[in-house]
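Printed here is run.txt (compact mmCIF, C-alpha atoms):
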```
# COMPACT_ATOMS: atom_id res chain seq x y z
CA MET U 169 132.36 -97.92 99.29
CA GLY U 170 129.92 -100.53 100.53
CA GLU U 171 126.89 -101.09 98.38
CA GLU U 172 123.66 -100.13 100.10
CA GLY U 173 120.61 -102.29 99.66
CA THR U 174 122.24 -105.69 99.09
CA GLU U 175 120.69 -108.64 100.91
CA GLY U 176 120.01 -107.68 104.47
CA THR U 177 117.23 -106.79 106.86
CA ILE U 178 115.88 -103.45 108.05
CA HIS U 179 113.77 -103.19 111.19
CA LEU U 180 111.93 -99.96 111.99
CA LEU U 181 110.56 -99.48 115.48
CA CYS U 182 108.20 -96.75 116.67
CA LEU U 183 107.62 -96.29 120.40
CA ALA U 184 105.88 -93.84 122.70
CA ALA U 185 108.80 -92.00 124.28
CA SER U 186 107.30 -91.61 127.75
CA SER U 187 106.11 -95.19 128.28
CA GLY U 188 108.24 -97.17 125.84
CA VAL U 189 105.11 -98.87 124.45
CA PRO U 190 105.71 -100.07 120.85
CA LEU U 191 103.35 -98.41 118.37
CA PHE U 192 104.46 -100.42 115.35
CA CYS U 193 107.33 -102.42 113.88
CA ARG U 194 107.95 -102.62 110.13
CA SER U 195 110.57 -104.77 108.44
CA SER U 196 112.00 -105.41 105.01
CA ARG U 197 114.42 -108.02 103.71
CA GLY U 198 116.26 -107.67 100.44
CA GLY U 199 114.17 -104.62 99.59
CA ALA U 200 110.81 -106.39 100.03
CA PRO U 201 108.40 -106.18 103.01
CA ALA U 202 108.97 -108.89 105.59
CA ARG U 203 106.85 -110.25 108.42
CA GLN U 204 109.84 -110.83 110.66
CA GLN U 205 109.42 -109.03 114.00
CA LEU U 206 111.95 -108.31 116.71
CA PRO U 207 111.38 -109.92 120.12
CA PHE U 208 109.91 -107.59 122.72
CA SER U 209 113.03 -108.05 124.88
CA VAL U 210 115.21 -106.65 122.07
CA ILE U 211 112.85 -103.72 121.53
CA GLY U 212 112.89 -102.99 125.26
CA SER U 213 116.68 -103.15 125.43
CA LEU U 214 117.12 -100.79 122.47
CA ASN U 215 114.71 -98.29 123.97
CA GLY U 216 116.11 -98.75 127.47
CA VAL U 217 119.69 -97.91 126.53
CA HIS U 218 118.45 -94.77 124.74
CA MET U 219 116.42 -93.66 127.76
CA PHE U 220 119.33 -94.44 130.09
CA GLY U 221 121.53 -92.07 128.10
CA GLN U 222 118.87 -89.35 128.16
CA ASN U 223 118.63 -89.58 131.95
CA LEU U 224 122.37 -88.90 132.10
CA GLU U 225 122.02 -86.05 129.57
CA VAL U 226 123.82 -88.12 126.95
CA GLN U 227 122.31 -88.22 123.46
CA LEU U 228 122.67 -91.69 121.91
CA SER U 229 122.19 -91.23 118.18
CA SER U 230 123.82 -94.27 116.54
CA SER U 231 125.79 -97.44 117.15
CA ARG U 232 127.49 -100.08 115.05
CA THR U 233 128.11 -103.77 115.61
CA GLU U 234 129.96 -106.16 113.35
CA ASP U 235 126.99 -106.57 111.00
CA THR U 236 124.31 -104.06 112.08
CA THR U 237 123.91 -100.29 112.25
CA VAL U 238 121.41 -98.83 114.73
CA VAL U 239 120.13 -95.23 114.73
CA TRP U 240 117.83 -93.64 117.35
CA LYS U 241 115.89 -90.40 117.00
CA SER U 242 113.29 -88.75 119.24
CA PHE U 243 110.66 -86.33 117.97
CA HIS U 244 108.96 -83.73 120.18
CA ASP U 245 109.82 -85.79 123.28
CA SER U 246 106.85 -87.95 122.37
CA ILE U 247 107.84 -90.42 119.64
CA THR U 248 111.04 -92.46 119.48
CA LEU U 249 112.03 -94.09 116.19
CA ILE U 250 114.73 -96.76 116.03
CA VAL U 251 116.06 -98.35 112.86
CA LEU U 252 118.36 -101.37 112.62
CA SER U 253 119.96 -102.31 109.32
CA SER U 254 122.12 -105.30 108.46
CA GLU U 255 122.35 -104.30 104.79
CA GLU U 256 125.91 -104.16 103.57
CA GLY U 257 127.35 -100.65 103.41
CA THR U 258 124.42 -98.93 105.10
CA SER U 259 125.37 -95.40 106.15
CA GLU U 260 124.18 -93.52 109.20
CA LEU U 261 123.21 -90.61 106.95
CA ARG U 262 120.80 -92.81 105.05
CA LEU U 263 119.21 -94.17 108.24
CA GLU U 264 118.92 -90.71 109.84
CA ARG U 265 117.11 -89.38 106.78
CA LEU U 266 114.93 -92.48 106.71
CA LEU U 267 113.75 -91.72 110.25
CA GLN U 268 113.03 -88.09 109.31
CA MET U 269 110.91 -89.24 106.36
CA VAL U 270 109.09 -91.84 108.47
CA PHE U 271 108.11 -89.27 111.10
CA GLY U 272 107.07 -86.90 108.33
CA ALA U 273 104.84 -89.65 106.89
CA MET U 274 103.28 -90.18 110.30
CA VAL U 275 102.49 -86.48 110.66
CA LEU U 276 101.24 -86.32 107.06
CA LEU U 277 98.57 -88.96 107.66
CA VAL U 278 97.82 -88.71 111.40
CA GLY U 279 98.67 -85.14 112.37
CA LEU U 280 101.15 -83.77 114.88
CA GLU U 281 98.60 -83.30 117.68
CA GLU U 282 97.87 -87.04 117.85
CA LEU U 283 101.58 -87.82 118.02
CA THR U 284 102.61 -85.26 120.63
CA ASN U 285 99.59 -85.59 122.92
CA ILE U 286 98.98 -89.34 123.12
CA ARG U 287 95.72 -89.91 124.98
CA ASN U 288 94.92 -93.44 123.85
CA VAL U 289 97.77 -95.68 122.70
CA GLU U 290 95.54 -98.34 121.14
CA ARG U 291 93.64 -95.77 119.08
CA LEU U 292 96.91 -94.23 117.89
CA LYS U 293 98.14 -97.66 116.82
CA LYS U 294 95.04 -98.09 114.65
CA GLU U 295 95.39 -94.61 113.14
CA LEU U 296 99.03 -95.21 112.27
CA ARG U 297 98.10 -98.21 110.12
CA ALA U 298 97.14 -95.70 107.41
CA SER U 299 100.85 -94.79 107.11
CA TYR U 300 102.17 -98.35 106.72
CA ARG U 301 102.07 -98.45 102.92
CA LEU U 302 103.99 -95.17 102.65
CA ILE U 303 106.50 -96.16 105.34
CA ASP U 304 107.09 -99.58 103.75
CA SER U 305 107.91 -97.86 100.46
CA PHE U 306 110.80 -96.08 102.21
CA LEU U 307 112.18 -99.41 103.46
CA GLY U 308 112.08 -101.09 100.06
CA ASP U 309 114.06 -100.67 96.84
CA SER U 310 112.31 -97.63 95.44
CA GLU U 311 112.90 -96.15 91.99
CA LEU U 312 112.78 -92.71 93.64
CA ILE U 313 115.55 -91.05 95.62
CA GLY U 314 113.85 -88.08 97.33
CA ASP U 315 113.79 -89.96 100.64
CA LEU U 316 117.59 -89.83 100.70
CA THR U 317 118.32 -86.51 98.97
CA GLN U 318 115.35 -84.65 100.55
CA CYS U 319 114.72 -83.16 97.12
CA VAL U 320 111.60 -83.61 95.00
CA ASP U 321 111.93 -86.29 92.29
CA CYS U 322 111.15 -84.58 88.97
CA VAL U 323 111.01 -85.40 85.27
CA VAL U 324 111.49 -83.15 82.24
CA PRO U 325 108.50 -83.39 79.87
CA PRO U 326 108.98 -82.89 76.11
CA GLU U 327 106.28 -80.18 75.99
CA GLY U 328 106.81 -78.55 79.37
CA SER U 329 105.53 -75.05 78.50
CA LEU U 330 102.28 -76.46 77.10
CA LEU U 331 101.68 -78.58 80.21
CA GLN U 332 102.54 -75.66 82.49
CA GLU U 333 100.03 -73.42 80.73
CA ALA U 334 97.30 -76.06 81.01
CA LEU U 335 98.14 -76.65 84.67
CA SER U 336 97.92 -72.95 85.54
CA GLY U 337 94.60 -72.58 83.74
CA PHE U 338 93.15 -75.65 85.41
CA ALA U 339 94.31 -74.44 88.86
CA GLU U 340 92.53 -71.11 88.34
CA ALA U 341 89.36 -72.84 87.15
CA ALA U 342 89.43 -75.28 90.07
CA GLY U 343 89.96 -72.52 92.61
CA THR U 344 93.22 -73.70 94.20
CA ALA U 345 96.80 -72.49 93.84
CA PHE U 346 98.38 -75.86 94.70
CA VAL U 347 98.29 -78.19 91.68
CA SER U 348 100.80 -80.63 90.23
CA LEU U 349 101.04 -83.30 87.58
CA VAL U 350 102.65 -86.50 88.87
CA VAL U 351 103.87 -89.57 86.97
CA SER U 352 104.88 -92.63 89.01
CA GLY U 353 105.63 -90.46 92.07
CA ARG U 354 107.65 -87.86 90.13
CA VAL U 355 106.54 -84.28 89.51
CA VAL U 356 106.13 -83.41 85.83
CA ALA U 357 104.86 -79.85 86.32
CA ALA U 358 103.52 -77.80 89.20
CA THR U 359 102.19 -74.36 90.05
CA GLU U 360 104.43 -71.86 91.82
CA SER U 361 102.55 -72.35 95.08
CA TRP U 362 103.08 -76.12 94.93
CA TRP U 363 106.81 -75.61 94.42
CA ARG U 364 106.89 -73.38 97.49
CA LEU U 365 105.69 -76.20 99.75
CA GLY U 366 108.20 -76.86 102.53
CA MET U 367 110.05 -80.02 103.37
CA PRO U 368 109.18 -82.80 103.90
CA GLU U 369 105.68 -82.46 102.40
CA ALA U 370 107.08 -81.42 99.02
CA VAL U 371 108.72 -84.87 98.82
CA LEU U 372 106.04 -86.82 100.68
CA LEU U 373 102.95 -85.78 98.69
CA PRO U 374 104.04 -87.08 95.25
CA TRP U 375 105.64 -90.10 96.95
CA LEU U 376 102.29 -90.82 98.67
CA VAL U 377 100.42 -90.56 95.37
CA GLY U 378 102.87 -92.95 93.73
CA SER U 379 102.55 -95.48 96.56
CA LEU U 380 98.73 -95.69 96.57
CA PRO U 381 96.83 -98.30 94.51
CA PRO U 382 95.39 -96.96 91.24
CA GLN U 383 92.09 -95.09 91.49
CA ALA U 384 90.21 -92.83 89.12
CA ALA U 385 89.83 -90.15 91.81
CA ARG U 386 90.66 -89.64 95.49
CA ASP U 387 89.78 -87.20 98.25
CA TYR U 388 92.51 -87.82 100.80
CA PRO U 389 92.93 -85.94 104.12
CA VAL U 390 96.55 -84.93 104.77
CA TYR U 391 98.46 -82.74 107.19
CA LEU U 392 101.49 -80.75 106.08
CA PRO U 393 104.37 -81.58 108.47
CA HIS U 394 106.00 -78.18 107.88
CA GLY U 395 103.18 -75.91 106.79
CA SER U 396 100.12 -77.20 108.65
CA PRO U 397 100.91 -80.09 111.02
CA THR U 398 97.73 -79.79 113.10
CA VAL U 399 95.07 -78.66 110.60
CA PRO U 400 94.25 -81.14 107.81
CA HIS U 401 94.02 -80.28 104.13
CA ARG U 402 92.51 -82.27 101.28
CA LEU U 403 94.64 -83.97 98.64
CA LEU U 404 92.50 -84.52 95.53
CA THR U 405 93.86 -86.75 92.78
CA LEU U 406 92.45 -87.38 89.31
CA THR U 407 93.89 -90.03 87.01
CA LEU U 408 94.35 -88.64 83.51
CA LEU U 409 96.21 -91.67 82.14
CA PRO U 410 97.60 -94.80 83.84
CA ASP U 411 100.33 -93.70 86.30
CA LEU U 412 99.72 -90.03 85.41
CA GLU U 413 97.72 -88.13 88.02
CA LEU U 414 96.59 -84.58 88.61
CA CYS U 415 97.02 -83.57 92.27
CA LEU U 416 95.31 -80.67 94.03
CA LEU U 417 95.95 -79.51 97.58
CA CYS U 418 93.04 -77.52 98.97
CA GLY U 419 90.76 -76.74 101.91
CA PRO U 420 87.03 -77.49 102.13
CA GLN U 421 86.54 -76.28 98.55
CA PRO U 422 86.26 -77.38 95.81
CA PRO U 423 84.27 -80.62 96.24
CA LEU U 424 85.61 -83.53 94.22
CA SER U 425 82.35 -83.64 92.25
CA GLN U 426 83.04 -80.13 90.94
CA LEU U 427 86.07 -81.38 89.04
CA ASP U 428 83.87 -82.94 86.40
CA ALA U 429 84.72 -84.40 83.03
CA GLN U 430 83.86 -81.14 81.26
CA LEU U 431 86.49 -79.21 83.26
CA LEU U 432 89.11 -81.90 82.65
CA GLU U 433 88.30 -82.05 78.95
CA ARG U 434 88.62 -78.29 78.64
CA TRP U 435 92.18 -78.19 79.97
CA TRP U 436 93.58 -81.65 79.27
CA GLN U 437 92.59 -82.34 75.68
CA PRO U 438 94.19 -83.45 73.45
CA LEU U 439 96.04 -86.19 75.35
CA GLU U 440 99.15 -86.37 73.16
CA PRO U 441 101.33 -84.11 75.39
CA LEU U 442 100.22 -86.19 78.39
CA ARG U 443 101.06 -89.48 76.69
CA GLY U 444 104.55 -88.12 76.13
CA CYS U 445 104.96 -88.01 79.93
CA LEU U 446 104.31 -91.71 80.54
CA PRO U 447 107.78 -93.02 79.56
CA LEU U 448 109.35 -90.36 81.81
CA GLY U 449 108.46 -92.29 84.96
CA THR U 450 111.85 -94.01 85.03
CA ARG U 451 113.68 -92.13 82.28
CA ALA U 452 113.30 -88.60 83.75
CA LEU U 453 114.80 -87.02 80.61
CA PRO U 454 113.08 -86.42 77.24
CA ALA U 455 113.64 -89.02 74.54
CA GLY U 456 116.68 -88.24 72.45
CA PHE U 457 118.39 -86.10 75.06
CA PRO U 458 122.12 -86.38 74.22
CA LEU U 459 124.08 -88.29 76.87
CA HIS U 460 127.54 -89.79 76.53
CA THR U 461 127.42 -93.52 75.77
CA ASP U 462 129.49 -94.32 78.87
CA ILE U 463 126.80 -92.93 81.22
CA LEU U 464 124.81 -95.69 82.94
CA GLY U 465 122.95 -93.51 85.44
CA LEU U 466 122.81 -89.98 86.78
CA LEU U 467 121.54 -87.93 89.69
CA LEU U 468 121.25 -84.16 89.29
CA LEU U 469 120.35 -82.09 92.36
CA HIS U 470 119.45 -78.45 92.62
CA LEU U 471 120.17 -77.83 96.29
CA GLU U 472 118.42 -74.46 96.47
CA LEU U 473 115.23 -75.46 94.65
CA LYS U 474 115.28 -78.85 96.38
CA ARG U 475 114.57 -80.75 93.15
CA CYS U 476 116.37 -83.65 91.52
CA LEU U 477 116.50 -85.73 88.34
CA PHE U 478 117.35 -89.40 88.81
CA THR U 479 117.60 -92.06 86.12
CA VAL U 480 119.37 -95.36 85.52
CA GLU U 481 117.84 -95.86 82.07
CA PRO U 482 120.80 -94.91 79.78
CA SER U 483 122.44 -97.89 78.03
CA ARG U 484 120.01 -100.46 79.45
CA ASP U 485 121.68 -103.19 77.39
CA LYS U 486 124.83 -102.91 79.53
CA GLU U 487 125.59 -104.24 82.97
CA PRO U 488 124.76 -103.68 85.82
CA SER U 489 120.99 -104.05 86.25
CA PRO U 490 118.84 -100.96 86.96
CA GLU U 491 118.42 -102.07 90.60
CA HIS U 492 122.18 -102.39 91.00
CA ARG U 493 122.73 -98.98 89.40
CA ARG U 494 120.29 -97.34 91.82
CA ARG U 495 122.06 -98.90 94.80
CA LEU U 496 125.45 -97.73 93.53
CA LEU U 497 124.28 -94.14 93.04
CA ARG U 498 122.50 -94.03 96.41
CA SER U 499 125.63 -95.29 98.17
CA PHE U 500 127.83 -92.82 96.29
CA TYR U 501 125.48 -89.97 97.20
CA THR U 502 125.76 -90.74 100.92
CA LEU U 503 129.54 -90.99 100.61
CA VAL U 504 130.07 -87.64 98.87
CA THR U 505 127.44 -85.84 100.96
CA ALA U 506 128.85 -87.01 104.27
CA THR U 507 132.55 -86.91 103.38
CA HIS U 508 133.65 -84.99 100.30
CA PHE U 509 131.31 -82.05 99.74
CA PRO U 510 130.48 -79.12 102.02
CA PRO U 511 127.28 -78.99 104.07
CA GLU U 512 124.19 -78.50 101.96
CA PRO U 513 122.55 -75.05 101.94
CA GLY U 514 120.32 -74.45 104.94
CA GLN U 515 122.35 -76.45 107.43
CA PRO U 516 123.23 -74.43 110.57
CA GLU U 517 126.98 -74.62 110.15
CA GLU U 518 126.84 -73.11 106.66
CA LYS U 519 128.34 -69.59 106.59
CA ALA U 520 127.19 -67.17 103.92
CA GLU U 521 130.64 -65.99 102.83
CA GLU U 522 131.90 -69.56 102.55
CA ALA U 523 128.85 -70.50 100.48
CA ILE U 524 129.47 -67.61 98.05
CA HIS U 525 133.11 -68.63 97.63
CA ARG U 526 132.24 -72.29 97.04
CA ALA U 527 129.56 -71.38 94.52
CA GLN U 528 132.27 -70.02 92.25
CA VAL U 529 134.56 -73.05 92.50
CA ALA U 530 133.69 -76.46 91.09
CA ARG U 531 134.38 -79.39 93.40
CA ALA U 532 134.74 -82.95 92.17
CA CYS U 533 135.60 -86.44 93.34
CA TYR U 534 135.50 -89.86 91.71
CA LEU U 535 135.52 -93.52 92.70
CA VAL U 536 136.61 -96.60 90.77
CA LEU U 537 134.84 -99.86 91.59
CA GLY U 538 135.73 -103.39 90.49
CA THR U 539 138.83 -105.44 89.91
CA GLU U 540 142.19 -104.15 88.77
CA GLU U 541 141.76 -105.68 85.32
CA PRO U 542 141.34 -103.04 82.60
CA GLY U 543 137.80 -102.60 81.31
CA THR U 544 136.08 -104.06 84.37
CA GLY U 545 133.98 -102.50 87.13
CA TRP U 546 132.41 -99.04 87.08
CA ARG U 547 133.31 -95.40 87.56
CA LEU U 548 131.45 -92.95 89.80
CA VAL U 549 132.08 -89.22 89.63
CA ALA U 550 130.51 -86.29 91.47
CA LEU U 551 130.74 -82.62 90.51
CA GLN U 552 129.29 -79.63 92.36
CA LEU U 553 129.12 -76.18 90.82
CA GLY U 554 127.00 -73.50 92.47
CA PRO U 555 123.69 -74.94 93.67
CA ARG U 556 123.89 -77.98 91.37
CA ARG U 557 125.42 -81.33 92.19
CA LEU U 558 125.78 -84.04 89.57
CA LEU U 559 126.55 -87.71 90.23
CA LEU U 560 127.31 -90.02 87.31
CA LEU U 561 127.65 -93.79 87.08
CA LEU U 562 129.91 -94.66 84.14
CA SER U 563 131.04 -97.83 82.42
CA ALA U 564 134.55 -99.19 82.87
CA GLN U 565 135.50 -97.96 79.37
CA SER U 566 135.46 -94.36 80.63
CA PRO U 567 139.08 -93.35 81.43
CA THR U 568 139.68 -91.87 84.87
CA TYR U 569 141.56 -88.88 83.48
CA GLY U 570 138.45 -87.83 81.54
CA LEU U 571 135.88 -88.21 84.32
CA ARG U 572 135.85 -84.59 85.43
CA GLY U 573 135.63 -83.29 81.86
CA LEU U 574 132.75 -85.64 81.07
CA ALA U 575 130.92 -84.62 84.25
CA THR U 576 131.44 -80.92 83.50
CA HIS U 577 130.13 -81.28 79.96
CA THR U 578 127.09 -83.26 81.16
CA LEU U 579 126.32 -80.74 83.90
CA HIS U 580 126.37 -77.85 81.41
CA ALA U 581 124.02 -79.81 79.12
CA LEU U 582 121.59 -80.55 81.98
CA THR U 583 121.66 -77.08 83.57
CA PRO U 584 118.84 -75.64 81.38
CA LEU U 585 116.58 -78.50 82.54
CA LEU U 586 116.93 -77.94 86.30
```
Written as structure tokens, how would this file's structure read?
Amino acid sequence: MGEEGTEGTIHLLCLAASSGVPLFCRSSRGGAPARQQLPFSVIGSLNGVHMFGQNLEVQLSSSRTEDTTVVWKSFHDSITLIVLSSEEGTSELRLERLLQMVFGAMVLLVGLEELTNIRNVERLKKELRASYRLIDSFLGDSELIGDLTQCVDCVVPPEGSLLQEALSGFAEAAGTAFVSLVVSGRVVAATESWWRLGMPEAVLLPWLVGSLPPQAARDYPVYLPHGSPTVPHRLLTLTLLPDLELCLLCGPQPPLSQLDAQLLERWWQPLEPLRGCLPLGTRALPAGFPLHTDILGLLLLHLELKRCLFTVEPSRDKEPSPEHRRRLLRSFYTLVTATHFPPEPGQPEEKAEEAIHRAQVARACYLVLGTEEPGTGWRLVALQLGPRRLLLLLSAQSPTYGLRGLATHTLHALTPLL
């Protein structure tokens, strides 16, 4: 398994499908934004070969060279996105989902009408600048994983029922059914209506909030790529504590001024339960949650609810670094999703009777990384049972014969949380 995200460059190109005019180009190197731009001749060649295939009724979706992977994707016969990655071990699955998230971000902030009915290219270029910060966060080394899993990044607060009660009361008082509490781009609690948001907006909205610079309050126009791609809504955010924000999705009402200090004080005092959420930004799990000492990181997905828990905080005193752990788990996720496990629920090829049968049978696979010397490298194990899929990164001390048992025990312990 190659390790995604090691030193390399990603170039993202956006072009008008009919004319081939570049709308923007974003790049990152080593997980950080880069100013490096591709020559226009290269952009033209990449778009030209894609258009040539379309004229022959051949769909060119991806290509590999010795050191670069290229993926093309057209949206609504209007926008063509192309991504090139020279990062070691980059998978086509990761790049395909990256393009889906990028187009979703464009619709979220510009609207589908502007993208499918391009009247003025220069004006569209200016409007798309509003999406650069969000798009760049997908290209970098994020602490979130929803861009890849297409599940909402969540955390488990220590006083979840208390927060949920306050959230529901505040939503009723504010006059909107769509309210969530977000810490560092992860959802702490949300109303039922918020959880029913479709993809990709369910992932994009908290990700957008986490990517914006800190502000006490915001009134942000957004489109919902699935639910309302042509009619804008308002995303209101209120900072309760640093990195902890209250998010409301609404129409013309209520005005931001109506959400005054008195209303906030009524539902969000005292602050102790909120302060308990702040460390959850990277930890995801409540303090003291029992995890085996060999666990270095975990990813738990609920494929039906489209939610996930992702953390690389356990045993921080051990190698590898948190950044390295995230890259290992992301790479392992793409491997097991594309190769070892069945199609995820909702994909066209999924048959109902096969899904019922698989739900009753646990599936597992594991991977050993490192040298052949005992006690070196790392262990990765994946287990799927019903709608839940668990991926664990384990230290070299964990014996291979016990990986499945450890994963099964951990999954049972985490099941009440998600």
What separates atom CA of U:Ser348 and atom CA of U:Asp387 is a distance of 15.1 Å
Of the residues U:Met219, U:Met269, U:Leu376, U:Leu252, which is the one nearest to U:Leu206, using all atoms listed in the file?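 Looking only at the distances to U:Leu206, the closest residue turns out to be U:Leu252.
The closest residue to U:Ser329, picked from U:Gly456, U:Gly465, U:Pro490, U:Pro441 and counting all atoms listed in the file, is U:Pro441.
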From the options U:Arg301, U:His244, U:Arg197, U:Arg498, which residue's atoms come nearest to U:Leu277, counting all atoms listed in the file?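 Comparing U:Arg301, U:His244, U:Arg197, U:Arg498 against U:Leu277, the winner is U:Arg301.
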Which neighbours of U:Leu307 fall inside 8 Å, counting all atoms listed in the file, when residues of the same chain fewer than 5 positions from it are skipped, and could you give them as a ChimeraX atom specification?
/U:178,195-196,199-201
Requested in this report: Find the residues near U:Ser259: any atom within 10 Å, counting only C-alpha atoms, skip ones fewer than 2 places away on the same chain, and give them as a PyMOL selection string.
Outcome: chain U and resi 170-172+237+253+255-257+261-264+499+502-503+506
Expected file contents, prior selection, C-alpha atoms, as a compact mmCIF listing (two decimals), keeping the file's coordinate frame:
```txt
# COMPACT_ATOMS: atom_id res chain seq x y z
CA GLY U 170 129.92 -100.53 100.53
CA GLU U 171 126.89 -101.09 98.38
CA GLU U 172 123.66 -100.13 100.10
CA THR U 237 123.91 -100.29 112.25
CA SER U 253 119.96 -102.31 109.32
CA GLU U 255 122.35 -104.30 104.79
CA GLU U 256 125.91 -104.16 103.57
CA GLY U 257 127.35 -100.65 103.41
CA LEU U 261 123.21 -90.61 106.95
CA ARG U 262 120.80 -92.81 105.05
CA LEU U 263 119.21 -94.17 108.24
CA GLU U 264 118.92 -90.71 109.84
CA SER U 499 125.63 -95.29 98.17
CA THR U 502 125.76 -90.74 100.92
CA LEU U 503 129.54 -90.99 100.61
CA ALA U 506 128.85 -87.01 104.27
```
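Closest approach to U:Ala342 among U:Lys294, U:Arg572, U:Lys241, U:Arg434: U:Arg434, based on all atoms listed in the file.
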Q.
From the options U:Thr507, U:Thr405, U:Thr236, U:Ser310, which residue's atoms come nearest to U:Val251, counting only C-alpha atoms?
A.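 Of all the options, U:Thr236 lies closest to U:Val251.
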With only C-alpha atoms counted, which protein, DNA or RNA residues have an atom no more than 10 Å from (99.1, -79.6, 108.2) in the file frame? Please answer as a PyMOL selection string. chain U and resi 275-280+369+389-402
Could you jot down the atom CA of U:Ala357 to atom CA of U:Lys474 separation for me, Å, one decimal place?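 Distance reported for this atom pair: 14.5 Å.
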How far is it from atom CA of U:Pro423 to atom CA of U:Phe346, in Å with one decimal?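 Between atom CA of U:Pro423 and atom CA of U:Phe346 the gap works out to 15.0 Å.
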Go through U:Met367, U:Leu586, U:Leu380, U:Ala550 and flag the residue nearest U:Leu571, using all atoms listed in the file for the distances.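 Closest to U:Leu571, using all atoms listed in the file: U:Ala550.
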Adding 4 Å on each side of the box along x, y and z that holds all listed atoms of stretch 492-511 of chain U, could you give its centre and edge lengths in Å to one decimal, as AutoDock Vina command-line options?
```
--center_x 127.0 --center_y -90.7 --center_z 96.8 --size_x 21.4 --size_y 31.4 --size_z 22.9
```
Quick one: stretch 565-578 of chain U from the block, N, CA and C atoms, as a tab-separated table (two decimals), in the first residue's frame.
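Below you can see result.tsv, which holds the result:
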```tsv
chain	number	residue	atom	x	y	z
U	565	GLN	N	3.52	-3.97	18.16
U	565	GLN	CA	3.45	-4.97	19.24
U	565	GLN	C	2.17	-5.80	19.16
U	566	SER	N	1.20	-5.35	18.36
U	566	SER	CA	-0.06	-6.08	18.27
U	566	SER	C	0.11	-7.30	17.36
U	567	PRO	N	-0.07	-8.52	17.86
U	567	PRO	CA	0.15	-9.72	17.05
U	567	PRO	C	-0.91	-9.86	15.96
U	568	THR	N	-0.50	-10.34	14.81
U	568	THR	CA	-1.42	-10.45	13.67
U	568	THR	C	-2.57	-11.40	13.96
U	569	TYR	N	-2.33	-12.45	14.75
U	569	TYR	CA	-3.40	-13.41	15.01
U	569	TYR	C	-4.50	-12.82	15.88
U	570	GLY	N	-4.22	-11.70	16.57
U	570	GLY	CA	-5.23	-11.10	17.43
U	570	GLY	C	-5.89	-9.86	16.85
U	571	LEU	N	-5.57	-9.52	15.58
U	571	LEU	CA	-6.08	-8.28	15.01
U	571	LEU	C	-7.61	-8.29	14.89
U	572	ARG	N	-8.15	-9.40	14.38
U	572	ARG	CA	-9.60	-9.43	14.18
U	572	ARG	C	-10.32	-9.38	15.52
U	573	GLY	N	-9.83	-10.08	16.51
U	573	GLY	CA	-10.46	-10.06	17.83
U	573	GLY	C	-10.43	-8.67	18.44
U	574	LEU	N	-9.29	-7.98	18.31
U	574	LEU	CA	-9.17	-6.63	18.84
U	574	LEU	C	-10.13	-5.68	18.11
U	575	ALA	N	-10.22	-5.82	16.80
U	575	ALA	CA	-11.13	-4.97	16.03
U	575	ALA	C	-12.58	-5.23	16.40
U	576	THR	N	-12.94	-6.50	16.59
U	576	THR	CA	-14.31	-6.85	16.96
U	576	THR	C	-14.67	-6.27	18.33
U	577	HIS	N	-13.76	-6.40	19.28
U	577	HIS	CA	-14.00	-5.87	20.62
U	577	HIS	C	-14.15	-4.35	20.58
U	578	THR	N	-13.29	-3.68	19.80
U	578	THR	CA	-13.35	-2.22	19.70
U	578	THR	C	-14.63	-1.76	19.03
```
